[in-house]
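J.: My questions will all concern the structure given below.
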Amino acid sequence: MARRDKLLGGAARRVRAASTRFFDDATVPPWAKDLAPMVRLARADTAALRAWMRYRAAIRDGIGEAEAESYGRLVARVAMRDGELARVVAVTIPDHIARVPMSRRGVYFRLLEEVAGSRPEALAVLARTLPDLVDTMDEDRLRRFVVQGVEIHAESHQRAESFLKKESDAAHAAVKALHAGVRLADVSRTLTLYARAHCGEDVQVRAGKGKAFSDGHHVYLPEHVEKFGDERDFAVYRVLTAVGAGYLEFGTFDLDLARVPAPAAGWPDAAEGESELERYFRAFGNRSLAREIFQLLEDARVEARLREEYPGIARDLGAVGPTLRGQRPAPEAPAARAVEALAREAWGLEPLPVNEEIALALAPLREALRRAGALDVNEVARVVSEGYAGVEGLMLRAKDGKPPRSQGSERLRMPGDRGEPQESPLAPPELGARIAPEEAGAEERQREDEARRLREEAANRGEQLSAAEARERVREQERRRRELMEQTAYAQMEAMLDRHRPPGGALVDPGAERDDAPPAAATGIPQDPDVVATGRNFLYREWDATINDHKPRWVVVRESRLREGDRSFVDEVMERERHAIERLRRRFEALRPEGRTMIRGLTDGDELDIDRVIDGAVTGRITGDFPDRVYRRALPERRDVAVSFLLDMSSSTNEATAAGGQRRVIDVEKEALIVIAEALHAIGDAFSIYGFSGYGRDHVAFYVAKEFRDAWDDRARERVGRISFKMENRDGAAIRHATRKLLAEPARTRLLFLLSDGKPLDCGCDHYYDRYAQEDTKAALREARREGVHPFCITVDPTGPGYLKRMYGEVGYCVIDRVEMLPAQIVNVYRRLAL
Amino acid sequence: MRQLTPSVEDYTIHREPFYRAVADEIDIFENAWKARLPVLLKGPTGCGKTRFVSHMAHRLGRPMVTVACHEDLSASDLLGRYLLTGDETVWVDGPLTTAVRHGAIVYLDEVVEARKDTLVVIHPLTDDRRILPIDRLATVLEAPAEFMMVVSYNPGYQSVLKELKPSTRQRFLSVDFRYPPPDIEREIVQRESCLDAERAGRLVKIGEKIRNLTDRGLEEGVSTRLLVYCGKLLAQGVEPRSACRAAFTRTLTDDRDLGRTIDEIVADYF
């Protein structure tokens with residue numbers, strides 16, 4: 001140790017000497033400044049030193065000098081406690097720095113340094129998880145949260161990691177406790193409904209980064225609001241939502257350039273998928289400026305209408321507006337000053353004094369502001385287009401005549417700024433939603449194109465079709481198309497089922513052999529963050545077609561339970577498929593026997609119908625003719641069905657569906673599961689949801705999302721949301737295990753639905769593919785059938801109908817080539833088999 | 001053997017029930033009555049169907065017999081039955097027979113709830129024969145000119161199983177009932193609940209916004225009746241948000257998010 005010190009101390013001295021020889025002060029290489037930490041590191045752990053030297057340069061060049069320095073300091077600090085740990089830290093941190101947003105890097109390193117001082121063992125976990133956290137809370141709260149996480153780390157690394165990833169219940173509770181304000185996640189559904197109630201259209205509220213904005217179909221709001229610490233925080237959300245919905249309610253997105261007087265050059269031609277607003281903005285030289293002025297005036301208009309229509313919103317604006325719009329800058333540059341003055345007037349703040357030139361330029365815009373509530377969007381567009389020249393003139397003149405260099409440079413962009421970040425000349429207020437038609441997605445743009453086409457056609461016929469009407473028609477068309485698709489799906493399904501009815505009656509159980517395998521030792525499989533292992537393992541046999549016999553105790557199925565935690569997927573599906581789910585639920589409920597159903601007026605039955613007996617006796621007295629239809633029979637009231645859904649979670653489900661687009665097979669399968677689960681929940685049948693994957697015969701992974709005894713509540717939904725693609729799929733073993741679980745559930749009718757892409761495949765080892773795999777799958781299904789379980793296989797992929805028949809043919813199956821039909825198809829199968 | 005018919009007094013309407021016309025429904029109904037045609041009223045709950053019929057009955061000077069239809073309604077319930085009183089056997093007329101005898105307007109509310117085999121009883125009254133055969137009495141009653149059959153149903157949320165057969169539907173003239181347009185609805189709420197125009201107007205606007213949520217969580221929108229109930233509470237001085245919660249939020253939904261949304265909409269106006 002001492003010798004190394006001497007050596008390295010010598011090295012350090014030599015480096016120092018070299019540095020003064022070859023470089024003057026101005027060009028001392030940066031790393032030479034860090035000699036002290038370098039030596040410290042060298043003393044602690046040479047590997048750490050090497051890592052540090054390697055990465056430091058990379059960080060400095062790729063990210064920044066400040067970060068590189070912080071990195072060095074951090075590593076050195078850790079090295080003081082533990083050299084080995086310093087090496088780990090030195091190696092892992094560089095990967096994560098890049099994930100931290102620039103503005104938060106200071107916070108990142110500060111927290112890491114603090115933890116390095118108090119509990120360095122937690123550094124690795126923290127370095128990994130902090131980048132995702134650092135943006136979600138302010139520093140003070142973040143520190144408190146991290147402290148909690150680090151404390152947990154002392155007891156359990158796993159729990160600490162789960163905490164810091166905001167996955168565990170403890171984490172959610174902690175986050176909630178730290179926030180006095182309102183989180184969007186808690187209120188987004190309410191706000192979505194509220195938006196819909198206001199404007200009558202299918203608007204969705206979603207979380208967006210930063211400021212609120214609306215693209216005409218969604219309203220993006222900040223993830224939390226904690227300005228006031230009381231119910232005014234929610235009022236902020238209300239106002240933002242009302243404004244976002246207000247753009248739709250009061251026609252902002254119904255801009256029709258045919259009704260706005262065009263500038264000299266005329267309006268630009270509409271590009272494909274372009275909304276009218278985008279087209280409008282394109283006509284201006286300085287797009288940012290035009291947008292800002294338009295936004296101000298249009299906001300004033302919408303706000304005036306909102307105040308008029310909703311006294312409650314007027315009240316809220318009064319309560320929260322002044323605080324959020326309060327602190328305003330006072331720019332010197334003419335155009336910026338002009339816009340600021342206009343903004344202050346629009347928001348009813350203290351006016352900004354302006355010189356005559358600016359006042360002249362602003363005059364028409366101010367005048368429009370005063371009448372804002374009485375205008376429509378086209379008029380606003382006209383006013384802006386006319387007033388723009390005045391304000392732009394201010395800016396250009398300033399540039400020509402030596403612009404006054406005072407408070408920062410003019411932040412207006414020059415013409416042709418497409419694709420560059422939209423920097424606004426206005427310091428954005430915290431209360432206000434931006435109009436952002438460019439954020440609209442592909443689907444919405446298609447709708448815009450369609451609406452435009454309808455209007456052109458109408459114009460050709462000599463009719464007038466307003467923008468709003470055109471959009472309404474497009475939506476109507478979409479609705480009808482969906483209904484039609486569902487009806488076709490039902491029809492196809494019924495035809496398919498007629499050909500593949502499962503054979504009736506159960507055969508005798510030959511007593512298949514199965515055991516509980518003793519818990520096998522860990523096989524070095526990497527931790528799956530999605531599950532909590534239950535430690536229950538099962539041995540199953542496998543059918544070998546080559547020897548025409550079973551191989552006993554061949555496959556190990558390891559059961560584990562999915563974690564909760566992904567609400568967003570489920571919420572989205574529930575919202576999107578709301579109609580379908582409601583319709584299906586109603587259909588199911590209609591077929592559900594309500595209490596006891598009676599068949600009356602029978603000549604023979606379980607019991608006498610007293611009313612009819614009396615009637616009959618009396619009538620008989622008079623007419624001499626005693627009626628005989630006086631019996632009735634009750635239909636059995638309880639349904640006795642148990643159904644398991646077994647979902648293939650192999651990596652092949654990660655592929656896009658045959659229909660293309662961004663949807664993967666697994667997404668569609670999950671969606672279908674949620675839809676059918678809702679319907680089953682309504683009808684009261686017992687159901688369970690499982691998934692399977694794994695690799696190799698030693699490790700078939702069986703995931704439980706919902707057991708029969710679990711309630712179908714939010715947690716179960718979240719577990720379904722967790723389902724994601726994994727590795728291989730050894731169908732036979734999974735089917736056998738699911739069958740076993742299903743048999744443990746008492747019910748008269750047991751159904752097993754297998755959702756897969758029809759390709760049993762396990763490349764983990766041995767030869768589980770092609771014919772071997774298919775034959776084993778077929779055998780497993782046959783065995784299930786013999787036990788009295790009705791399997792039904794739904795395949796979400798059209799490639800390979802030939803072998804499917806061979807594999808599934810003895811039980812029922814169907815192929816879906818349009819995965820959107822999956823939910824409806826599952827439901828129909830269910831109806832046929834179980835009702 | 002005695003036959004008992006309930007007295008016509010029981011069914012006469014003495015005071016004019018308030019009804020505000022929305023479209024041409026009064027005209028159609030009056031002319032249908034004159035032409036001796038039956039009428040089917042279609043529409044969501046609480047939008048004035050029953051009130052309309054009683055208004056017309058009063059206007060035309062006829063008594064009105066109402067039957068609330070349900071699963072267990074039998075033909076005897078409509079036509080009548082023999083009852084044993086001590087040693088005597090008495091025939092008592094059912095509501096349908098009573099209405100025919102008195103030349104009244106008979107109103108079968110929620111007709112689709114009744115079983116189909118019960119409903120066939122009304123068929124002979126709804127074609128040009130206008131007769132009511134009563135097997136038990138071995139008679140056939142002829143309906144007088146003033147008799148009229150009116151039925152109602154709510155097409156909104158019928159389950160797959162309960163539908164009116166075309167053979168029944170096609171015997172009627174149909175009148176659509178919807179929630180009235182805002183200014184008429186305001187008038188109705190004002191009048192029925194004795195509330196001032198301004199607050200009645202706000203209630204109507206709230207109703208409008210809540211109706212935007214139909215099919216997106218709400219099975220059925222707010223009915224005019226609920227608006228009137230709420231108006232009555234307000235007229236008595238109940239605090240507005242509290243009244244709306246009782247009349248709208250808790251009545252319409254048990255879903256917590258949806259309930260909160262309705263509360264927020266109310267807060268928009270009160």
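Lettering and numbering for the structure tokens are positional, with chains as A, B, ... in the shown order, residues counted from 1 in each chain, and ligands counted from 1 in the shown order.
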DSSP on the backbone: which residues in range 21-229 of chain B end up as helix (DSSP H, G or I)? Give the answer as JSON, numbers by chain.

T.: {"B": [25, 26, 27, 28, 29, 30, 31, 32, 33, 34, 49, 50, 51, 52, 53, 54, 55, 56, 57, 58, 59, 60, 75, 76, 77, 78, 79, 95, 96, 97, 98, 99, 100, 101, 102, 111, 112, 113, 116, 117, 118, 119, 120, 121, 122, 123, 124, 125, 126, 166, 167, 168, 169, 182, 183, 184, 185, 186, 187, 188, 189, 190, 191, 192, 193, 197, 198, 199, 200, 201, 202, 203, 204, 205, 206, 207, 208, 209, 210, 211, 224, 225, 226, 227, 228, 229]}

J.: At a cut-off of 6 Å, can you tabulate as a tab-separated table every residue of chain B near chain A together with its closest atom pair and the distance in Å to one decimal, using only C-alpha atoms and ordering rows by chain then number?

T.:
residue	atom	partner	partner_atom	distance
B:Ser159	CA	A:Ala590	CA	5.6
B:Lys209	CA	A:Ala197	CA	4.9
B:Ile210	CA	A:Ala197	CA	5.9
B:Asn212	CA	A:Ala197	CA	5.0
B:Leu213	CA	A:Ala197	CA	5.7
B:Asp257	CA	A:Thr190	CA	5.1
B:Thr261	CA	A:Thr190	CA	5.3
B:Ala267	CA	A:Gly312	CA	5.7
B:Asp268	CA	A:Gly312	CA	3.8
B:Tyr269	CA	A:Gly312	CA	5.4

J.: Could you save those same residues with all heavy atoms as a short mmCIF file (atom, residue, chain, number, x, y, z; two decimals), in the first residue's frame?

T.:
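Wrote part19.cif, looks like this:
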data_model
loop_
_atom_site.label_atom_id
_atom_site.label_comp_id
_atom_site.auth_asym_id
_atom_site.auth_seq_id
_atom_site.Cartn_x
_atom_site.Cartn_y
_atom_site.Cartn_z
N SER B 159 -83.17 -3.93 -23.02
CA SER B 159 -82.29 -5.07 -23.16
C SER B 159 -82.66 -5.79 -24.45
O SER B 159 -83.72 -5.58 -25.02
CB SER B 159 -82.42 -5.98 -21.96
OG SER B 159 -83.06 -7.16 -22.32
N LYS B 209 -75.55 20.24 -20.01
CA LYS B 209 -74.16 19.79 -19.94
C LYS B 209 -74.09 18.34 -19.48
O LYS B 209 -73.31 17.55 -19.98
CB LYS B 209 -73.36 20.68 -18.99
CG LYS B 209 -73.23 22.10 -19.43
CD LYS B 209 -72.48 22.21 -20.75
CE LYS B 209 -72.59 23.61 -21.31
NZ LYS B 209 -72.01 23.74 -22.63
N ILE B 210 -74.92 18.00 -18.52
CA ILE B 210 -74.90 16.61 -18.03
C ILE B 210 -75.35 15.66 -19.13
O ILE B 210 -74.83 14.55 -19.25
CB ILE B 210 -75.80 16.45 -16.79
CG1 ILE B 210 -75.26 17.32 -15.65
CG2 ILE B 210 -75.87 15.01 -16.35
CD1 ILE B 210 -76.09 17.21 -14.38
N ASN B 212 -74.61 15.81 -22.10
CA ASN B 212 -73.48 15.52 -22.98
C ASN B 212 -72.72 14.27 -22.55
O ASN B 212 -71.91 13.74 -23.29
CB ASN B 212 -72.49 16.70 -22.98
CG ASN B 212 -72.91 17.77 -23.96
OD1 ASN B 212 -73.66 17.50 -24.88
ND2 ASN B 212 -72.42 18.97 -23.77
N LEU B 213 -72.98 13.83 -21.32
CA LEU B 213 -72.25 12.68 -20.82
C LEU B 213 -72.97 11.37 -21.07
O LEU B 213 -72.49 10.32 -20.66
CB LEU B 213 -72.01 12.83 -19.31
CG LEU B 213 -71.08 13.97 -18.93
CD1 LEU B 213 -71.06 14.15 -17.43
CD2 LEU B 213 -69.69 13.67 -19.43
N ASP B 257 -66.03 9.11 -9.92
CA ASP B 257 -65.50 10.13 -10.83
C ASP B 257 -66.63 10.87 -11.53
O ASP B 257 -66.61 12.09 -11.67
CB ASP B 257 -64.60 9.48 -11.90
CG ASP B 257 -63.29 9.02 -11.31
OD1 ASP B 257 -62.88 9.59 -10.29
OD2 ASP B 257 -62.71 8.07 -11.86
N THR B 261 -67.66 14.79 -11.41
CA THR B 261 -67.83 15.61 -12.60
C THR B 261 -69.15 16.37 -12.55
O THR B 261 -69.20 17.57 -12.84
CB THR B 261 -67.81 14.74 -13.87
OG1 THR B 261 -66.64 13.94 -13.86
CG2 THR B 261 -67.84 15.60 -15.11
N ALA B 267 -71.09 23.29 -10.00
CA ALA B 267 -70.30 24.42 -9.48
C ALA B 267 -70.02 25.44 -10.57
O ALA B 267 -69.72 26.60 -10.28
CB ALA B 267 -69.00 23.89 -8.90
N ASP B 268 -70.09 25.04 -11.82
CA ASP B 268 -69.92 26.01 -12.90
C ASP B 268 -71.02 27.06 -12.88
O ASP B 268 -70.83 28.17 -13.35
CB ASP B 268 -69.99 25.31 -14.27
CG ASP B 268 -68.65 24.77 -14.70
OD1 ASP B 268 -67.64 25.17 -14.13
OD2 ASP B 268 -68.64 23.94 -15.63
N TYR B 269 -72.19 26.67 -12.36
CA TYR B 269 -73.34 27.57 -12.48
C TYR B 269 -73.84 28.11 -11.14
O TYR B 269 -74.53 29.11 -11.11
CB TYR B 269 -74.50 26.85 -13.18
CG TYR B 269 -74.20 26.59 -14.64
CD1 TYR B 269 -73.69 25.37 -15.05
CD2 TYR B 269 -74.40 27.57 -15.59
CE1 TYR B 269 -73.40 25.14 -16.38
CE2 TYR B 269 -74.11 27.35 -16.92
CZ TYR B 269 -73.62 26.13 -17.31
OH TYR B 269 -73.33 25.91 -18.62
#

J.: Show me, as a ChimeraX atom specification, the residues that have an atom within 6 Å of range 74-84 of chain B when counting only C-alpha atoms, minus same-chain residues fewer than 2 positions from it.

T.: /B:88-97,118

J.: Go through B:Gly259, B:Gly207, B:Pro124, B:Pro44 one by one, measure the shortest atom-to-atom distance of each to Val140 in chain B using only C-alpha atoms, and give the residue with the smallest value.

T.: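 The answer is B:Pro124, which sits nearest to Val140 in chain B.
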
J.: Give me every strand (DSSP E) residue in range 49-231 of chain B, going by DSSP on the backbone, as a PyMOL selection string.

T.: chain B and resi 64-68+80-85+88-93+105-109+131-134+139-142+148-153+173-176

J.: Selection from above, N, CA and C atoms, as a tab-separated table (two decimals), in the first residue's frame, can you write it?

T.:
chain	number	residue	atom	x	y	z
B	64	MET	N	-109.36	9.22	-17.84
B	64	MET	CA	-108.10	8.56	-18.22
B	64	MET	C	-107.81	7.40	-17.28
B	65	VAL	N	-107.58	6.24	-17.83
B	65	VAL	CA	-107.27	5.05	-17.04
B	65	VAL	C	-105.81	4.68	-17.31
B	66	THR	N	-104.98	4.62	-16.26
B	66	THR	CA	-103.55	4.32	-16.44
B	66	THR	C	-103.23	2.92	-15.95
B	67	VAL	N	-102.44	2.21	-16.73
B	67	VAL	CA	-101.96	0.89	-16.31
B	67	VAL	C	-100.43	0.90	-16.38
B	68	ALA	N	-99.78	0.62	-15.24
B	68	ALA	CA	-98.32	0.51	-15.27
B	68	ALA	C	-97.97	-0.93	-15.61
B	80	GLY	N	-110.17	-8.28	-16.47
B	80	GLY	CA	-111.07	-8.44	-15.33
B	80	GLY	C	-111.11	-9.91	-14.93
B	81	ARG	N	-111.71	-10.15	-13.77
B	81	ARG	CA	-111.76	-11.54	-13.32
B	81	ARG	C	-112.97	-11.74	-12.43
B	82	TYR	N	-113.27	-13.02	-12.21
B	82	TYR	CA	-114.33	-13.38	-11.27
B	82	TYR	C	-113.77	-13.37	-9.87
B	83	LEU	N	-114.51	-12.82	-8.98
B	83	LEU	CA	-114.09	-12.88	-7.58
B	83	LEU	C	-115.19	-13.56	-6.77
B	84	LEU	N	-114.75	-14.29	-5.74
B	84	LEU	CA	-115.71	-14.93	-4.86
B	84	LEU	C	-115.91	-14.04	-3.65
B	85	THR	N	-117.12	-13.58	-3.45
B	85	THR	CA	-117.39	-12.82	-2.23
B	85	THR	C	-118.44	-13.58	-1.46
B	88	GLU	N	-121.24	-15.48	-3.25
B	88	GLU	CA	-121.57	-14.92	-4.56
B	88	GLU	C	-120.35	-14.92	-5.46
B	89	THR	N	-120.57	-15.03	-6.72
B	89	THR	CA	-119.51	-14.86	-7.69
B	89	THR	C	-119.76	-13.57	-8.42
B	90	VAL	N	-118.76	-12.72	-8.40
B	90	VAL	CA	-118.90	-11.41	-9.02
B	90	VAL	C	-117.84	-11.23	-10.08
B	91	TRP	N	-118.20	-10.67	-11.17
B	91	TRP	CA	-117.21	-10.31	-12.17
B	91	TRP	C	-116.82	-8.85	-11.94
B	92	VAL	N	-115.51	-8.62	-11.85
B	92	VAL	CA	-115.04	-7.24	-11.72
B	92	VAL	C	-114.25	-6.86	-12.96
B	93	ASP	N	-114.59	-5.74	-13.52
B	93	ASP	CA	-113.88	-5.28	-14.73
B	93	ASP	C	-112.45	-4.88	-14.42
B	105	ILE	N	-109.78	7.26	-22.15
B	105	ILE	CA	-108.46	7.09	-22.78
B	105	ILE	C	-107.67	6.16	-21.86
B	106	VAL	N	-107.23	5.04	-22.40
B	106	VAL	CA	-106.45	4.11	-21.58
B	106	VAL	C	-104.97	4.28	-21.93
B	107	TYR	N	-104.14	4.37	-20.89
B	107	TYR	CA	-102.72	4.66	-21.09
B	107	TYR	C	-101.92	3.52	-20.49
B	108	LEU	N	-101.27	2.75	-21.35
B	108	LEU	CA	-100.41	1.65	-20.90
B	108	LEU	C	-98.97	2.15	-20.84
B	109	ASP	N	-98.50	2.39	-19.64
B	109	ASP	CA	-97.18	2.97	-19.48
B	109	ASP	C	-96.11	1.88	-19.45
B	131	ILE	N	-112.84	-3.69	-31.01
B	131	ILE	CA	-113.66	-4.52	-30.13
B	131	ILE	C	-112.78	-5.14	-29.06
B	132	LEU	N	-113.41	-5.52	-27.96
B	132	LEU	CA	-112.69	-6.18	-26.87
B	132	LEU	C	-113.42	-7.48	-26.53
B	133	PRO	N	-112.95	-8.61	-27.02
B	133	PRO	CA	-113.56	-9.89	-26.68
B	133	PRO	C	-113.17	-10.29	-25.26
B	134	ILE	N	-114.19	-10.65	-24.45
B	134	ILE	CA	-113.88	-11.14	-23.11
B	134	ILE	C	-114.41	-12.55	-23.00
B	139	THR	N	-118.53	-12.30	-23.90
B	139	THR	CA	-119.07	-11.11	-24.56
B	139	THR	C	-118.01	-10.50	-25.44
B	140	VAL	N	-118.46	-9.63	-26.32
B	140	VAL	CA	-117.56	-8.81	-27.10
B	140	VAL	C	-118.03	-7.38	-26.94
B	141	LEU	N	-117.15	-6.57	-26.34
B	141	LEU	CA	-117.51	-5.17	-26.16
B	141	LEU	C	-117.07	-4.38	-27.37
B	142	GLU	N	-117.91	-3.45	-27.75
B	142	GLU	CA	-117.50	-2.54	-28.82
B	142	GLU	C	-117.08	-1.23	-28.20
B	148	MET	N	-109.89	5.70	-26.62
B	148	MET	CA	-108.58	5.77	-27.28
B	148	MET	C	-107.54	4.97	-26.51
B	149	MET	N	-106.68	4.31	-27.23
B	149	MET	CA	-105.59	3.53	-26.60
B	149	MET	C	-104.28	4.29	-26.80
B	150	VAL	N	-103.58	4.51	-25.69
B	150	VAL	CA	-102.27	5.15	-25.78
B	150	VAL	C	-101.26	4.28	-25.04
B	151	VAL	N	-100.11	4.06	-25.62
B	151	VAL	CA	-99.05	3.30	-24.94
B	151	VAL	C	-97.76	4.12	-24.96
B	152	SER	N	-96.86	3.79	-24.03
B	152	SER	CA	-95.58	4.50	-24.03
B	152	SER	C	-94.46	3.51	-23.83
B	153	TYR	N	-93.28	3.90	-24.30
B	153	TYR	CA	-92.11	3.13	-23.92
B	153	TYR	C	-90.84	3.92	-24.13
B	173	LEU	N	-99.80	4.95	-34.20
B	173	LEU	CA	-99.10	6.14	-34.66
B	173	LEU	C	-98.06	6.47	-33.60
B	174	SER	N	-96.90	6.94	-34.03
B	174	SER	CA	-95.85	7.20	-33.05
B	174	SER	C	-95.56	8.67	-32.90
B	175	VAL	N	-95.36	9.06	-31.65
B	175	VAL	CA	-94.93	10.44	-31.39
B	175	VAL	C	-93.65	10.37	-30.57
B	176	ASP	N	-92.64	11.10	-31.01
B	176	ASP	CA	-91.36	11.10	-30.31
B	176	ASP	C	-91.35	12.15	-29.22

J.: Which polymer residues have any atom within 8 Å of an atom of Val150 in chain A, counting only C-alpha atoms, with same-chain residues fewer than 3 positions away left out, as a count of residues only?

T.: 8

J.: Can you measure CA of Pro6 in chain B to CA of Val630 in chain A for me? One decimal in Å is fine.

T.: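 Atom-to-atom, CA of Pro6 in chain B to CA of Val630 in chain A, that is 28.5 Å.
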